[in-house]
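Next comes start09.cif, with mmCIF, C-alpha atoms.
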```
data_work
loop_
_atom_site.label_atom_id
_atom_site.label_comp_id
_atom_site.auth_asym_id
_atom_site.auth_seq_id
_atom_site.Cartn_x
_atom_site.Cartn_y
_atom_site.Cartn_z
CA MET W 1 -31.83 -12.84 2.04
CA THR W 2 -35.07 -14.51 1.00
CA GLU W 3 -33.63 -15.86 -2.23
CA GLN W 4 -30.51 -17.13 -0.49
CA ALA W 5 -32.56 -18.81 2.21
CA SER W 6 -34.89 -20.41 -0.30
CA ALA W 7 -31.92 -21.38 -2.50
CA SER W 8 -30.20 -23.28 0.30
CA ARG W 9 -33.48 -24.83 1.41
CA ARG W 10 -34.23 -26.04 -2.10
CA ARG W 11 -30.73 -26.90 -3.24
CA PRO W 12 -31.18 -29.74 -5.73
CA GLY W 13 -28.78 -32.58 -6.48
CA ARG W 14 -27.50 -31.00 -9.69
CA ARG W 15 -25.13 -28.12 -10.15
CA PRO W 16 -27.03 -24.84 -9.43
CA GLY W 17 -25.27 -22.89 -12.22
CA SER W 18 -22.17 -20.72 -12.17
CA ALA W 19 -21.65 -17.94 -9.64
CA ASP W 20 -22.78 -15.62 -12.40
CA THR W 21 -26.02 -17.40 -13.25
CA ARG W 22 -28.01 -15.52 -10.65
CA GLY W 23 -26.69 -12.20 -11.97
CA GLN W 24 -27.47 -13.29 -15.52
CA ILE W 25 -31.05 -14.11 -14.56
CA LEU W 26 -31.44 -10.76 -12.77
CA ALA W 27 -30.10 -8.82 -15.76
CA ALA W 28 -32.59 -10.66 -17.99
CA ALA W 29 -35.36 -9.98 -15.46
CA ARG W 30 -34.59 -6.23 -15.42
CA GLU W 31 -34.75 -6.17 -19.23
CA ALA W 32 -37.97 -8.18 -19.36
CA PHE W 33 -39.75 -6.14 -16.66
CA ALA W 34 -38.75 -2.87 -18.33
CA GLU W 35 -39.90 -4.05 -21.76
CA LYS W 36 -43.06 -5.93 -20.89
CA GLY W 37 -44.06 -4.59 -17.50
CA PHE W 38 -44.49 -6.70 -14.38
CA ASP W 39 -47.78 -8.37 -15.40
CA LYS W 40 -46.69 -9.63 -18.84
CA ALA W 41 -43.13 -10.68 -18.01
CA THR W 42 -42.96 -14.44 -17.32
CA VAL W 43 -40.49 -16.68 -15.54
CA ARG W 44 -40.24 -18.73 -18.75
CA GLY W 45 -39.53 -15.64 -20.87
CA ILE W 46 -36.87 -14.46 -18.42
CA ALA W 47 -35.24 -17.91 -18.46
CA ARG W 48 -35.14 -17.86 -22.27
CA ARG W 49 -33.65 -14.36 -22.28
CA ALA W 50 -30.99 -15.44 -19.72
CA GLU W 51 -30.38 -18.65 -21.70
CA VAL W 52 -30.93 -20.87 -18.66
CA ASP W 53 -33.44 -23.58 -17.81
CA PRO W 54 -36.68 -22.23 -16.19
CA ALA W 55 -36.06 -24.72 -13.34
CA LEU W 56 -32.86 -22.83 -12.57
CA VAL W 57 -34.82 -19.57 -12.30
CA HIS W 58 -37.18 -21.26 -9.84
CA HIS W 59 -34.13 -22.56 -7.98
CA TYR W 60 -32.96 -18.99 -7.32
CA PHE W 61 -36.31 -17.19 -7.04
CA ALA W 62 -39.45 -18.66 -5.57
CA SER W 63 -41.74 -16.27 -7.49
CA LYS W 64 -41.93 -13.46 -10.02
CA GLU W 65 -42.36 -11.06 -7.07
CA GLY W 66 -39.13 -12.39 -5.52
CA MET W 67 -37.33 -11.90 -8.82
CA PHE W 68 -38.57 -8.32 -9.14
CA VAL W 69 -37.53 -7.57 -5.56
CA ALA W 70 -34.04 -8.97 -6.21
CA ALA W 71 -33.72 -7.27 -9.62
CA MET W 72 -34.60 -3.87 -8.12
CA GLU W 73 -32.57 -4.63 -4.97
CA LEU W 74 -35.60 -3.81 -2.82
CA PRO W 75 -35.16 -4.29 0.93
CA ILE W 76 -38.40 -6.24 1.39
CA ASN W 77 -40.53 -8.72 -0.43
CA PRO W 78 -44.26 -7.91 -0.14
CA GLU W 79 -45.00 -11.64 -0.09
CA ASN W 80 -43.23 -11.88 3.27
CA VAL W 81 -44.26 -8.55 4.74
CA ILE W 82 -47.97 -8.44 3.94
CA PRO W 83 -48.90 -11.45 6.15
CA LEU W 84 -47.01 -9.87 9.06
CA LEU W 85 -48.85 -6.58 8.61
CA LEU W 86 -52.21 -8.29 8.37
CA ALA W 87 -51.60 -10.36 11.50
CA GLY W 88 -52.73 -8.51 14.63
CA PRO W 89 -55.78 -6.41 15.53
CA ARG W 90 -57.58 -4.85 12.58
CA GLU W 91 -58.04 -1.58 14.48
CA GLU W 92 -54.24 -1.23 14.74
CA ILE W 93 -53.33 -1.93 11.12
CA GLY W 94 -52.84 1.80 10.45
CA GLU W 95 -50.28 1.99 13.22
CA ARG W 96 -48.48 -1.23 12.17
CA LEU W 97 -48.27 -0.16 8.53
CA THR W 98 -47.14 3.38 9.36
CA ARG W 99 -44.49 2.20 11.81
CA PHE W 100 -43.26 -0.43 9.36
CA VAL W 101 -42.81 2.07 6.50
CA LEU W 102 -41.13 4.69 8.69
CA THR W 103 -38.83 2.20 10.44
CA MET W 104 -37.83 0.51 7.18
CA THR W 105 -37.05 3.82 5.45
CA SER W 106 -35.15 5.16 8.47
CA GLU W 107 -32.26 2.84 7.55
CA ALA W 108 -30.24 4.28 4.67
CA ALA W 109 -29.39 0.85 3.23
CA ALA W 110 -33.08 -0.04 2.96
CA ARG W 111 -34.16 3.44 1.91
CA GLN W 112 -31.77 3.94 -1.01
CA PRO W 113 -33.21 1.29 -3.38
CA VAL W 114 -36.77 2.37 -2.50
CA LEU W 115 -35.96 5.99 -3.33
CA ALA W 116 -34.15 4.86 -6.48
CA LEU W 117 -37.31 3.07 -7.61
CA MET W 118 -39.40 6.18 -6.80
CA ARG W 119 -37.00 8.36 -8.80
CA THR W 120 -37.19 5.97 -11.72
CA ALA W 121 -40.98 6.06 -11.57
CA MET W 122 -40.89 9.88 -11.56
CA THR W 123 -38.57 10.28 -14.50
CA ASN W 124 -38.76 7.24 -16.76
CA GLU W 125 -42.03 6.75 -18.61
CA ARG W 126 -41.06 3.31 -19.85
CA MET W 127 -40.13 1.99 -16.40
CA VAL W 128 -43.18 3.47 -14.67
CA VAL W 129 -45.40 0.76 -16.19
CA MET W 130 -43.50 -2.06 -14.50
CA ILE W 131 -43.36 -0.18 -11.18
CA ARG W 132 -47.08 0.59 -11.32
CA GLU W 133 -47.98 -3.01 -12.08
CA PHE W 134 -45.72 -4.40 -9.35
CA MET W 135 -47.09 -1.98 -6.76
CA THR W 136 -50.69 -2.67 -7.72
CA GLN W 137 -50.51 -6.45 -8.11
CA ALA W 138 -47.90 -7.41 -5.53
CA LEU W 139 -48.65 -4.83 -2.87
CA LEU W 140 -51.68 -2.55 -2.78
CA ASN W 141 -54.42 -4.73 -4.26
CA ARG W 142 -53.38 -7.66 -2.09
CA VAL W 143 -53.70 -5.66 1.10
CA ALA W 144 -56.96 -4.03 -0.05
CA GLU W 145 -58.41 -7.43 -0.90
CA ALA W 146 -57.33 -9.00 2.39
CA LEU W 147 -58.91 -6.08 4.29
CA GLY W 148 -62.02 -5.98 2.11
CA ILE W 149 -61.66 -2.27 1.31
CA PRO W 150 -61.84 -0.46 -2.06
CA PRO W 151 -58.41 -0.18 -3.77
CA LEU W 152 -58.88 3.62 -3.86
CA ARG W 153 -58.66 3.79 -0.06
CA MET W 154 -55.49 1.70 -0.06
CA GLU W 155 -54.00 4.05 -2.68
CA LEU W 156 -54.77 7.11 -0.53
CA ALA W 157 -53.11 5.47 2.49
CA PHE W 158 -50.14 4.72 0.26
CA ALA W 159 -50.14 8.32 -1.03
CA GLN W 160 -49.91 9.60 2.55
CA LEU W 161 -46.96 7.36 3.43
CA PHE W 162 -45.22 7.73 0.05
CA GLY W 163 -45.59 11.53 0.24
CA THR W 164 -44.27 11.53 3.80
CA VAL W 165 -41.17 9.52 2.85
CA LEU W 166 -40.49 11.85 -0.08
CA VAL W 167 -40.92 15.01 2.01
CA ARG W 168 -38.77 13.51 4.80
CA TYR W 169 -35.89 12.12 2.76
CA VAL W 170 -35.92 13.81 -0.65
CA LEU W 171 -37.29 17.32 -0.11
CA GLN W 172 -36.05 17.15 3.49
CA LEU W 173 -38.47 19.74 4.80
CA GLU W 174 -37.94 20.58 8.46
CA PRO W 175 -39.12 19.58 11.00
CA LEU W 176 -40.45 16.48 9.18
CA ALA W 177 -36.94 15.45 8.14
CA SER W 178 -35.66 15.31 11.74
CA VAL W 179 -38.60 14.28 13.88
CA GLY W 180 -38.61 10.78 15.44
CA VAL W 181 -40.49 7.79 14.05
CA GLU W 182 -42.85 7.51 17.03
CA GLU W 183 -43.97 11.14 16.85
CA LEU W 184 -44.80 10.61 13.18
CA VAL W 185 -46.59 7.33 13.88
CA GLU W 186 -48.80 9.14 16.37
CA LEU W 187 -49.78 11.77 13.80
CA LEU W 188 -50.05 9.54 10.74
CA ALA W 189 -51.53 6.29 12.06
CA PRO W 190 -55.09 7.69 12.52
CA THR W 191 -55.07 8.87 8.88
CA VAL W 192 -53.94 5.50 7.56
CA GLN W 193 -56.35 3.68 9.89
CA ARG W 194 -59.28 5.77 8.66
CA TYR W 195 -58.62 4.73 5.03
CA LEU W 196 -58.23 1.05 6.00
CA ASP W 197 -61.17 0.80 8.39
CA PRO W 198 -64.06 -1.47 7.32
CA LEU W 199 -66.72 0.56 5.50
CA MET G 1 -50.45 36.91 -15.43
CA THR G 2 -49.68 38.48 -12.09
CA GLU G 3 -46.44 40.03 -13.28
CA GLN G 4 -48.10 41.37 -16.42
CA ALA G 5 -50.92 42.86 -14.40
CA SER G 6 -48.55 44.45 -11.93
CA ALA G 7 -46.26 45.61 -14.77
CA SER G 8 -49.04 47.51 -16.52
CA ARG G 9 -50.32 48.89 -13.23
CA ARG G 10 -46.89 50.17 -12.31
CA ARG G 11 -45.66 51.23 -15.73
CA PRO G 12 -43.31 54.14 -15.07
CA GLY G 13 -42.57 57.10 -17.35
CA ARG G 14 -39.27 55.67 -18.57
CA ARG G 15 -38.71 52.91 -21.08
CA PRO G 16 -39.37 49.56 -19.37
CA GLY G 17 -36.48 47.74 -21.09
CA SER G 18 -36.36 45.66 -24.29
CA ALA G 19 -38.77 42.83 -24.98
CA ASP G 20 -35.98 40.54 -23.88
CA THR G 21 -35.31 42.21 -20.54
CA ARG G 22 -37.90 40.16 -18.71
CA GLY G 23 -36.44 36.95 -20.12
CA GLN G 24 -32.94 38.13 -19.20
CA ILE G 25 -34.06 38.74 -15.60
CA LEU G 26 -35.75 35.35 -15.42
CA ALA G 27 -32.64 33.57 -16.74
CA ALA G 28 -30.57 35.37 -14.09
CA ALA G 29 -33.15 34.48 -11.45
CA ARG G 30 -33.04 30.78 -12.37
CA GLU G 31 -29.24 30.83 -12.08
CA ALA G 32 -29.28 32.71 -8.78
CA PHE G 33 -31.97 30.51 -7.18
CA ALA G 34 -30.15 27.35 -8.25
CA GLU G 35 -26.79 28.59 -6.95
CA LYS G 36 -27.84 30.32 -3.74
CA GLY G 37 -31.20 28.81 -2.91
CA PHE G 38 -34.42 30.78 -2.50
CA ASP G 39 -33.56 32.35 0.88
CA LYS G 40 -30.14 33.78 -0.03
CA ALA G 41 -30.89 34.94 -3.56
CA THR G 42 -31.71 38.67 -3.60
CA VAL G 43 -33.48 40.96 -6.05
CA ARG G 44 -30.35 43.13 -6.08
CA GLY G 45 -28.10 40.13 -6.84
CA ILE G 46 -30.39 38.99 -9.64
CA ALA G 47 -30.43 42.52 -11.14
CA ARG G 48 -26.61 42.58 -11.09
CA ARG G 49 -26.44 39.16 -12.74
CA ALA G 50 -28.94 40.28 -15.43
CA GLU G 51 -27.06 43.59 -15.83
CA VAL G 52 -30.19 45.66 -15.30
CA ASP G 53 -31.24 48.23 -12.72
CA PRO G 54 -32.91 46.70 -9.59
CA ALA G 55 -35.82 49.08 -10.19
CA LEU G 56 -36.42 47.34 -13.50
CA VAL G 57 -36.62 43.97 -11.69
CA HIS G 58 -39.24 45.47 -9.36
CA HIS G 59 -41.02 46.84 -12.41
CA TYR G 60 -41.50 43.31 -13.75
CA PHE G 61 -41.84 41.36 -10.51
CA ALA G 62 -43.48 42.63 -7.36
CA SER G 63 -41.57 40.21 -5.11
CA LYS G 64 -38.94 37.49 -4.94
CA GLU G 65 -41.81 34.98 -4.72
CA GLY G 66 -43.30 36.37 -7.93
CA MET G 67 -39.90 36.10 -9.63
CA PHE G 68 -39.50 32.46 -8.53
CA VAL G 69 -43.02 31.63 -9.73
CA ALA G 70 -42.31 33.19 -13.14
CA ALA G 71 -38.83 31.63 -13.39
CA MET G 72 -40.21 28.13 -12.72
CA GLU G 73 -43.34 28.86 -14.81
CA LEU G 74 -45.55 27.83 -11.91
CA PRO G 75 -49.30 28.17 -12.45
CA ILE G 76 -49.94 29.99 -9.18
CA ASN G 77 -48.30 32.47 -6.87
CA PRO G 78 -48.70 31.49 -3.20
CA GLU G 79 -48.91 35.19 -2.31
CA ASN G 80 -52.20 35.36 -4.18
CA VAL G 81 -53.59 31.95 -3.33
CA ILE G 82 -52.91 31.73 0.41
CA PRO G 83 -55.26 34.59 1.37
CA LEU G 84 -58.04 32.99 -0.69
CA LEU G 85 -57.51 29.63 1.04
CA LEU G 86 -57.47 31.22 4.48
CA ALA G 87 -60.67 33.18 3.83
CA GLY G 88 -63.72 31.18 4.80
CA PRO G 89 -64.66 28.91 7.72
CA ARG G 90 -61.70 27.42 9.58
CA GLU G 91 -63.47 24.06 9.84
CA GLU G 92 -63.62 23.84 6.03
CA ILE G 93 -60.00 24.72 5.25
CA GLY G 94 -59.17 21.03 4.67
CA GLU G 95 -61.84 20.84 2.01
CA ARG G 96 -60.86 24.16 0.36
CA LEU G 97 -57.16 23.24 0.24
CA THR G 98 -57.83 19.71 -1.07
CA ARG G 99 -60.23 20.90 -3.76
CA PHE G 100 -57.86 23.68 -4.79
CA VAL G 101 -54.87 21.31 -5.23
CA LEU G 102 -56.90 18.67 -7.10
CA THR G 103 -58.66 21.19 -9.35
CA MET G 104 -55.45 23.03 -10.17
CA THR G 105 -53.56 19.84 -11.03
CA SER G 106 -56.46 18.47 -13.08
CA GLU G 107 -55.55 20.94 -15.84
CA ALA G 108 -52.55 19.68 -17.81
CA ALA G 109 -51.20 23.18 -18.48
CA ALA G 110 -51.09 23.94 -14.74
CA ARG G 111 -49.94 20.47 -13.76
CA GLN G 112 -46.91 20.16 -16.07
CA PRO G 113 -44.72 22.85 -14.45
CA VAL G 114 -45.67 21.60 -10.97
CA LEU G 115 -44.69 18.03 -11.89
CA ALA G 116 -41.52 19.35 -13.54
CA LEU G 117 -40.57 21.06 -10.27
CA MET G 118 -41.31 17.86 -8.33
CA ARG G 119 -39.18 15.83 -10.75
CA THR G 120 -36.35 18.33 -10.37
CA ALA G 121 -36.62 18.08 -6.59
CA MET G 122 -36.48 14.28 -6.81
CA THR G 123 -33.45 14.08 -9.05
CA ASN G 124 -31.32 17.19 -8.68
CA GLU G 125 -29.60 17.63 -5.33
CA ARG G 126 -28.47 21.14 -6.10
CA MET G 127 -31.93 22.36 -7.11
CA VAL G 128 -33.70 20.71 -4.19
CA VAL G 129 -32.36 23.38 -1.82
CA MET G 130 -34.10 26.21 -3.64
CA ILE G 131 -37.33 24.21 -4.00
CA ARG G 132 -37.28 23.29 -0.30
CA GLU G 133 -36.71 26.89 0.77
CA PHE G 134 -39.40 28.26 -1.53
CA MET G 135 -41.93 25.70 -0.34
CA THR G 136 -41.14 26.28 3.29
CA GLN G 137 -40.89 30.08 3.27
CA ALA G 138 -43.41 31.06 0.63
CA LEU G 139 -45.99 28.35 1.17
CA LEU G 140 -46.10 25.94 4.11
CA ASN G 141 -44.80 28.05 6.98
CA ARG G 142 -47.04 30.94 5.99
CA VAL G 143 -50.16 28.82 6.13
CA ALA G 144 -49.05 27.09 9.35
CA GLU G 145 -48.38 30.46 10.96
CA ALA G 146 -51.69 31.95 9.83
CA LEU G 147 -53.52 28.90 11.22
CA GLY G 148 -51.45 28.77 14.40
CA ILE G 149 -50.50 25.10 13.93
CA PRO G 150 -47.07 23.42 14.17
CA PRO G 151 -45.23 23.34 10.80
CA LEU G 152 -45.00 19.53 11.11
CA ARG G 153 -48.78 19.22 10.75
CA MET G 154 -48.75 21.43 7.67
CA GLU G 155 -46.02 19.24 6.19
CA LEU G 156 -48.06 16.08 6.76
CA ALA G 157 -51.09 17.67 5.07
CA PHE G 158 -48.80 18.62 2.20
CA ALA G 159 -47.36 15.07 2.11
CA GLN G 160 -50.88 13.66 1.69
CA LEU G 161 -51.75 15.99 -1.19
CA PHE G 162 -48.30 15.82 -2.82
CA GLY G 163 -48.35 12.00 -2.59
CA THR G 164 -51.87 11.92 -4.04
CA VAL G 165 -50.90 14.09 -7.04
CA LEU G 166 -47.86 11.88 -7.71
CA VAL G 167 -49.84 8.64 -7.46
CA ARG G 168 -52.61 10.12 -9.65
CA TYR G 169 -50.53 11.69 -12.40
CA VAL G 170 -47.06 10.13 -12.31
CA LEU G 171 -47.50 6.55 -11.10
CA GLN G 172 -51.07 6.64 -12.48
CA LEU G 173 -52.36 3.90 -10.20
CA GLU G 174 -55.96 2.94 -10.89
CA PRO G 175 -58.58 3.80 -9.74
CA LEU G 176 -56.92 6.91 -8.24
CA ALA G 177 -55.81 8.11 -11.67
CA SER G 178 -59.36 8.18 -13.07
CA VAL G 179 -61.63 9.01 -10.15
CA GLY G 180 -63.34 12.44 -10.06
CA VAL G 181 -62.12 15.42 -8.03
CA GLU G 182 -65.20 15.48 -5.76
CA GLU G 183 -64.90 11.81 -4.78
CA LEU G 184 -61.28 12.45 -3.81
CA VAL G 185 -62.17 15.63 -1.91
CA GLU G 186 -64.66 13.65 0.15
CA LEU G 187 -62.03 11.07 1.11
CA LEU G 188 -59.07 13.41 1.57
CA ALA G 189 -60.55 16.54 3.13
CA PRO G 190 -61.08 14.99 6.60
CA THR G 191 -57.40 13.96 6.66
CA VAL G 192 -56.18 17.42 5.71
CA GLN G 193 -58.65 19.05 8.11
CA ARG G 194 -57.43 16.89 10.99
CA TYR G 195 -53.84 18.09 10.50
CA LEU G 196 -54.93 21.73 10.20
CA ASP G 197 -57.41 21.78 13.09
CA PRO G 198 -56.53 23.97 16.08
CA LEU G 199 -54.70 21.91 18.74
#
```

Would it be possible to restate this file's structure as structure tokens?
Amino acid sequence: MTEQASASRRRPGRRPGSADTRGQILAAAREAFAEKGFDKATVRGIARRAEVDPALVHHYFASKEGMFVAAMELPINPENVIPLLLAGPREEIGERLTRFVLTMTSEAAARQPVLALMRTAMTNERMVVMIREFMTQALLNRVAEALGIPPLRMELAFAQLFGTVLVRYVLQLEPLASVGVEELVELLAPTVQRYLDPL
Amino acid sequence: MTEQASASRRRPGRRPGSADTRGQILAAAREAFAEKGFDKATVRGIARRAEVDPALVHHYFASKEGMFVAAMELPINPENVIPLLLAGPREEIGERLTRFVLTMTSEAAARQPVLALMRTAMTNERMVVMIREFMTQALLNRVAEALGIPPLRMELAFAQLFGTVLVRYVLQLEPLASVGVEELVELLAPTVQRYLDPL
């Protein structure tokens, strides 16, 4: 969605590459992220690997984060979601974050790629580096920094929500697997809020 | 450990089977748990599958829980640990449970089989049934019942600790991967306590 929107917004005068160019760039991105991790992979290196001009990579993907999101078929781009989560009262950030994660994962189409990434992280030691770096750089540290809290507290909030999603959708323990989003928000939001509160 | 202790305590007059009998029973148990789940597998069925007398199964393993623990090479048997966790002040159960999980998983030899079981649950749809049933019946529901709290609250406490262990040892996000047990207990125990408090 994001890439398509930004592609049509930025469409240059010249030919934007074949229908397959985007796929070619994403295949190169997947290779590069897996080999080098998220931090060390570069747009330039991915362009070289895909044998396209770096400008063409920028044409399709506004950022390295956007490329990672598209390569892993993730349902959301942290660059777009984080500002929305941070907007609004600070004392309700726990509730907003909890509701966002539970609502997003309640849709199978959004949940599948997230669970796929979690499974990869659990089982593939080579891929875990890129997932760790993406999560830290693109997601957790950004929120922690914006809120002025230690990264450790952000990681514990993440552990609560990550664990909940796994227990709900992978282990499928009852009643957690069947209970409604709002009942869970009520129970979980105070925990997440406590970690994210100013010290 | 437990099985050995109980085996020598209960050693009967007759020959307790070949050195391989225990391994034969465990192989049959692994098959039976994977096929039927934890709830439906029976000591009698496992004895039949291993082609040994049910009494011999009881000679090696005091319970189905003990057999599951040995078959999966888990470092602890919930039957032994739960009473220890429940002993002591109710208002400190969050701290005891958190410290127990973090201390146990801080030893690689204890952590490996636990992570292996988690990985299996994440990736093997057939095996997840047995893991789910064991966790619910042998672990979470027992604690929830003893504390008189809804199972959902026990599952959310578990999700926090399970998520923390995964982020610490599988994703290895920093600083969570390196921080000491006591610093984590201080941050996590109030969360766990809140879920386990009387309503």

Subject >> Gap from CA of Thr42 in chain G to CA of Ala29 in chain G - Å, one decimal >> reply: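 If I compute the distance from CA of Thr42 in chain G to CA of Ala29 in chain G, I get 9.0 Å.
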
**OP:** Using all atoms listed in the file, find the one residue out of G:Val128, G:Ile46, G:Ala177, G:Val143 that sits nearest to chain W.
**Re:**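 Among G:Val128, G:Ile46, G:Ala177, G:Val143, it is G:Val128 that comes nearest to chain W.
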
**OP:** Give me, please, the distance in Å between CA of Val43 in chain G and CA of Gln172 in chain W, quoted to one decimal.
**Re:**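 Between CA of Val43 in chain G and CA of Gln172 in chain W the gap works out to 25.8 Å.
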
**OP:** With a distance cut-off of 9 Å and only C-alpha atoms, select the neighbouring residues of Val129 in chain W, excluding the residue or stretch itself and same-chain residues fewer than 5 positions from it, and output the selection as JSON, numbers by chain.
**Re:** {"W": [33, 34, 36, 37, 38, 121, 134], "G": [171, 172]}

How about saving the chosen residues, C-alpha atoms kept, as a tab-separated table (two decimals), keeping the file's coordinate frame?
```tsv
chain	number	residue	atom	x	y	z
W	33	PHE	CA	-39.75	-6.14	-16.66
W	34	ALA	CA	-38.75	-2.87	-18.33
W	36	LYS	CA	-43.06	-5.93	-20.89
W	37	GLY	CA	-44.06	-4.59	-17.50
W	38	PHE	CA	-44.49	-6.70	-14.38
W	121	ALA	CA	-40.98	6.06	-11.57
W	134	PHE	CA	-45.72	-4.40	-9.35
G	171	LEU	CA	-47.50	6.55	-11.10
G	172	GLN	CA	-51.07	6.64	-12.48
```

Original post:
With only C-alpha atoms as the basis for distance, which of G:Glu65, G:Val81, G:Thr164, G:Asp53 is at the shortest distance from Thr136 in chain G?
Top reply: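 Selected residue with least distance to Thr136 in chain G: G:Glu65.
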
Contacts of chain W with chain G up to 7 Å, shortest pair per row, all atoms listed in the file, as a Markdown table:
```
| residue | atom | partner | partner_atom | distance |
| --- | --- | --- | --- | --- |
| W:Arg119 | CA | G:Met122 | CA | 6.3 |
| W:Ala121 | CA | G:Leu171 | CA | 6.6 |
| W:Met122 | CA | G:Val170 | CA | 6.2 |
| W:Thr123 | CA | G:Arg119 | CA | 6.7 |
| W:Val128 | CA | G:Leu171 | CA | 6.4 |
| W:Arg132 | CA | G:Leu171 | CA | 6.0 |
| W:Leu152 | CA | G:Leu176 | CA | 5.8 |
| W:Glu155 | CA | G:Leu176 | CA | 6.9 |
| W:Leu156 | CA | G:Thr164 | CA | 6.6 |
| W:Ala159 | CA | G:Gly163 | CA | 4.4 |
| W:Gln160 | CA | G:Gln160 | CA | 4.3 |
| W:Phe162 | CA | G:Gly163 | CA | 5.9 |
| W:Gly163 | CA | G:Gly163 | CA | 4.0 |
| W:Thr164 | CA | G:Ala159 | CA | 5.0 |
| W:Val167 | CA | G:Ala159 | CA | 6.4 |
| W:Val170 | CA | G:Met122 | CA | 6.2 |
| W:Leu171 | CA | G:Arg132 | CA | 6.0 |
| W:Leu173 | CA | G:Arg132 | CA | 6.3 |
| W:Pro175 | CA | G:Leu152 | CA | 5.9 |
| W:Leu176 | CA | G:Leu152 | CA | 5.8 |
| W:Thr191 | CA | G:Thr191 | CA | 6.0 |
```

Subject >> Selection: 12 Å around Ala109 in chain G, all atoms listed in the file, excl. self and same-chain fewer than 5 positions, as JSON, numbers by chain >> reply: {"G": [73, 74, 75, 76, 103, 104, 114, 115, 116]}

Could those residues be written to a file, using C-alpha atoms, as a PDB file, in the frame of the given file?
```pdb
ATOM      1  CA  GLU G  73     -43.340  28.860 -14.810  1.00  0.00           C
ATOM      2  CA  LEU G  74     -45.550  27.830 -11.910  1.00  0.00           C
ATOM      3  CA  PRO G  75     -49.300  28.170 -12.450  1.00  0.00           C
ATOM      4  CA  ILE G  76     -49.940  29.990  -9.180  1.00  0.00           C
ATOM      5  CA  THR G 103     -58.660  21.190  -9.350  1.00  0.00           C
ATOM      6  CA  MET G 104     -55.450  23.030 -10.170  1.00  0.00           C
ATOM      7  CA  VAL G 114     -45.670  21.600 -10.970  1.00  0.00           C
ATOM      8  CA  LEU G 115     -44.690  18.030 -11.890  1.00  0.00           C
ATOM      9  CA  ALA G 116     -41.520  19.350 -13.540  1.00  0.00           C
TER      10      ALA G 116
END
```

Original post:
From the list W:Met72, W:Ala62, W:Leu26, W:Asn80, which residue is nearest Met127 in chain W when using all atoms listed in the file?
Top reply: W:Met72

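Take CA of Pro89 in chain G and CA of Leu102 in chain G: the distance between them is 19.6 Å.
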
**OP:** Give the answer as one residue: which of G:Ala32, G:Met130, G:Leu139, G:Ala71 has the shortest atom-to-atom distance to Ala50 in chain G, using all atoms listed in the file?
**Re:**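 Closest residue, counting all atoms listed in the file: G:Ala32.
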
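When all atoms listed in the file are used to compute distances to Glu186 in chain W, the closest of the residues W:Lys64, W:Ala144, W:Ala28, W:Glu95 turns out to be W:Glu95.
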
Subject >> Contact residues around Val52 in chain G with only C-alpha atoms at 12 Å, ignoring same-chain residues under 3 positions, as an MDAnalysis selection string >> reply: chainID G and resid 16:18 20:26 28 43:49 55:60

Can you take the partial range 43-53 of chain G, add N, CA and C atoms, and return it as a short mmCIF file (atom, residue, chain, number, x, y, z; two decimals), in the frame of the given file?
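So part-v2.cif came out as:
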```
data_model
loop_
_atom_site.label_atom_id
_atom_site.label_comp_id
_atom_site.auth_asym_id
_atom_site.auth_seq_id
_atom_site.Cartn_x
_atom_site.Cartn_y
_atom_site.Cartn_z
N VAL G 43 -33.07 40.21 -4.86
CA VAL G 43 -33.48 40.96 -6.05
C VAL G 43 -32.28 41.75 -6.59
N ARG G 44 -31.52 42.34 -5.69
CA ARG G 44 -30.35 43.13 -6.08
C ARG G 44 -29.31 42.25 -6.81
N GLY G 45 -29.07 41.06 -6.24
CA GLY G 45 -28.10 40.13 -6.84
C GLY G 45 -28.55 39.67 -8.23
N ILE G 46 -29.85 39.44 -8.35
CA ILE G 46 -30.39 38.99 -9.64
C ILE G 46 -30.29 40.12 -10.67
N ALA G 47 -30.56 41.36 -10.24
CA ALA G 47 -30.43 42.52 -11.14
C ALA G 47 -29.00 42.64 -11.64
N ARG G 48 -28.02 42.48 -10.72
CA ARG G 48 -26.61 42.58 -11.09
C ARG G 48 -26.27 41.50 -12.12
N ARG G 49 -26.71 40.28 -11.85
CA ARG G 49 -26.44 39.16 -12.74
C ARG G 49 -27.06 39.40 -14.12
N ALA G 50 -28.26 40.02 -14.16
CA ALA G 50 -28.94 40.28 -15.43
C ALA G 50 -28.45 41.57 -16.08
N GLU G 51 -27.59 42.31 -15.35
CA GLU G 51 -27.06 43.59 -15.83
C GLU G 51 -28.18 44.58 -16.13
N VAL G 52 -29.12 44.66 -15.20
CA VAL G 52 -30.19 45.66 -15.30
C VAL G 52 -30.30 46.37 -13.94
N ASP G 53 -31.01 47.49 -13.96
CA ASP G 53 -31.24 48.23 -12.72
C ASP G 53 -32.22 47.45 -11.83
#
```
